[in-house]
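Reviewing the structure listed below.
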Amino acid sequence: MMTDMSQCSTIILGCGNVLMGDDGFGPAVIEHLLQHHQLPTGVMAVDIGTSIRNLLFDLLLLPEKPQRMIIVDAVSESGRPPGTLFELPLRQIPATKVNDFSVHQFPSLNLLQELNDTGGIDVRILAVQTQCIPDEVRAGLSHVVEAAIPTACAWLIEEMERSS
């Protein structure tokens, strides 16, 4: 898979745990994107589940890297209504997300910035405000987060068209 990624201009990574409520947003977006849209040549969309940290370390080591990476993830921040989609600037990743080592170990801000600044990859994060991340296993998204999936896919398609 890493060889395939190095040959892409853009990779879209859906990260999250589908067994933990709204945390499964990233994988759900990738599933919908692949089922309902045709990706342009040179674009790869991958449900990476909870393995983002390992994949990003591997990306750093590739001699040839994609030009752009879009991470699709769920974030719990106060001040936003559940289901709200927003682009999360690297420097504004909430501390609660940077240090979240219990679910899928969102990559440290330093790793993302290294990929962006010295790795030559334009790193973007498309996030949704969660309604519920349960304390115990409960598969399935809340209705408001599930309703954001088509809008997230439309945003991704628009971004790909803009860059081609």
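Convention: chains lettered A, B, ... in structure tokens order; per-chain residue numbering from 1; ligands numbered from 1 as shown.
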request  = Could you pull out the residues in region 48-95 of chain A that DSSP calls strand (DSSP E or B) from the backbone, as a ChimeraX atom specification?
outcome  = /A:48-49,68-75,85-87
Serialized selection, C-alpha atoms, as a short mmCIF file (atom, residue, chain, number, x, y, z; two decimals), in the first residue's frame:
```
data_model
loop_
_atom_site.label_atom_id
_atom_site.label_comp_id
_atom_site.auth_asym_id
_atom_site.auth_seq_id
_atom_site.Cartn_x
_atom_site.Cartn_y
_atom_site.Cartn_z
CA ILE A 48 -6.91 3.53 7.86
CA GLY A 49 -8.99 2.95 10.98
CA ARG A 68 -1.12 16.31 -0.61
CA MET A 69 -2.72 14.41 2.24
CA ILE A 70 -6.19 15.06 3.60
CA ILE A 71 -7.02 13.48 6.95
CA VAL A 72 -10.73 12.99 7.68
CA ASP A 73 -11.44 12.65 11.38
CA ALA A 74 -13.84 13.36 14.23
CA VAL A 75 -13.01 15.98 16.85
CA LEU A 85 -17.73 20.15 9.30
CA PHE A 86 -14.65 22.35 9.38
CA GLU A 87 -11.09 22.42 8.20
#
```
Proximity check region 31-124 of chain A to region 8-23 of chain A, 10 Å, nearest pairs one decimal Å, only C-alpha atoms, as a tab-separated table:
```
residue	atom	partner	partner_atom	distance
A:Glu31	CA	A:Gly14	CA	8.9
A:Pro40	CA	A:Thr10	CA	9.6
A:Thr41	CA	A:Cys8	CA	8.3
A:Gly42	CA	A:Cys8	CA	4.5
A:Val43	CA	A:Thr10	CA	4.8
A:Met44	CA	A:Ile11	CA	4.8
A:Ala45	CA	A:Ile12	CA	4.5
A:Val46	CA	A:Leu13	CA	5.2
A:Asp47	CA	A:Gly14	CA	4.7
A:Ile48	CA	A:Cys15	CA	5.4
A:Gly49	CA	A:Cys15	CA	4.7
A:Thr50	CA	A:Gly16	CA	5.5
A:Ser51	CA	A:Cys15	CA	7.6
A:Ile52	CA	A:Cys15	CA	6.6
A:Leu55	CA	A:Leu13	CA	9.8
A:Glu64	CA	A:Cys8	CA	9.6
A:Lys65	CA	A:Cys8	CA	7.8
A:Pro66	CA	A:Ser9	CA	4.7
A:Gln67	CA	A:Ser9	CA	5.0
A:Arg68	CA	A:Thr10	CA	4.7
A:Met69	CA	A:Ile11	CA	4.9
A:Ile70	CA	A:Ile12	CA	4.7
A:Ile71	CA	A:Leu13	CA	4.8
A:Val72	CA	A:Gly14	CA	4.8
A:Asp73	CA	A:Cys15	CA	5.6
A:Ala74	CA	A:Asp23	CA	5.5
A:Val75	CA	A:Asp23	CA	7.9
A:Ser76	CA	A:Asp23	CA	9.4
A:Pro82	CA	A:Asp22	CA	9.9
A:Gly83	CA	A:Asp22	CA	9.5
A:Val103	CA	A:Asn17	CA	7.1
A:His104	CA	A:Gly16	CA	6.4
A:Gln105	CA	A:Gly16	CA	9.5
A:Phe106	CA	A:Cys15	CA	8.6
A:Ile121	CA	A:Thr10	CA	9.1
A:Asp122	CA	A:Thr10	CA	9.1
A:Val123	CA	A:Ile11	CA	9.8
A:Arg124	CA	A:Ile12	CA	9.5
```
query = Quick one: residues within 12 Å of region 147-155 of chain A, only C-alpha atoms counted, chain neighbours fewer than 2 positions away excluded, as an NGL selection string?
reply = :A and (12 or 14 or 22 or 24-39 or 45 or 70-74 or 81-87 or 125-131 or 141-145 or 157-162)
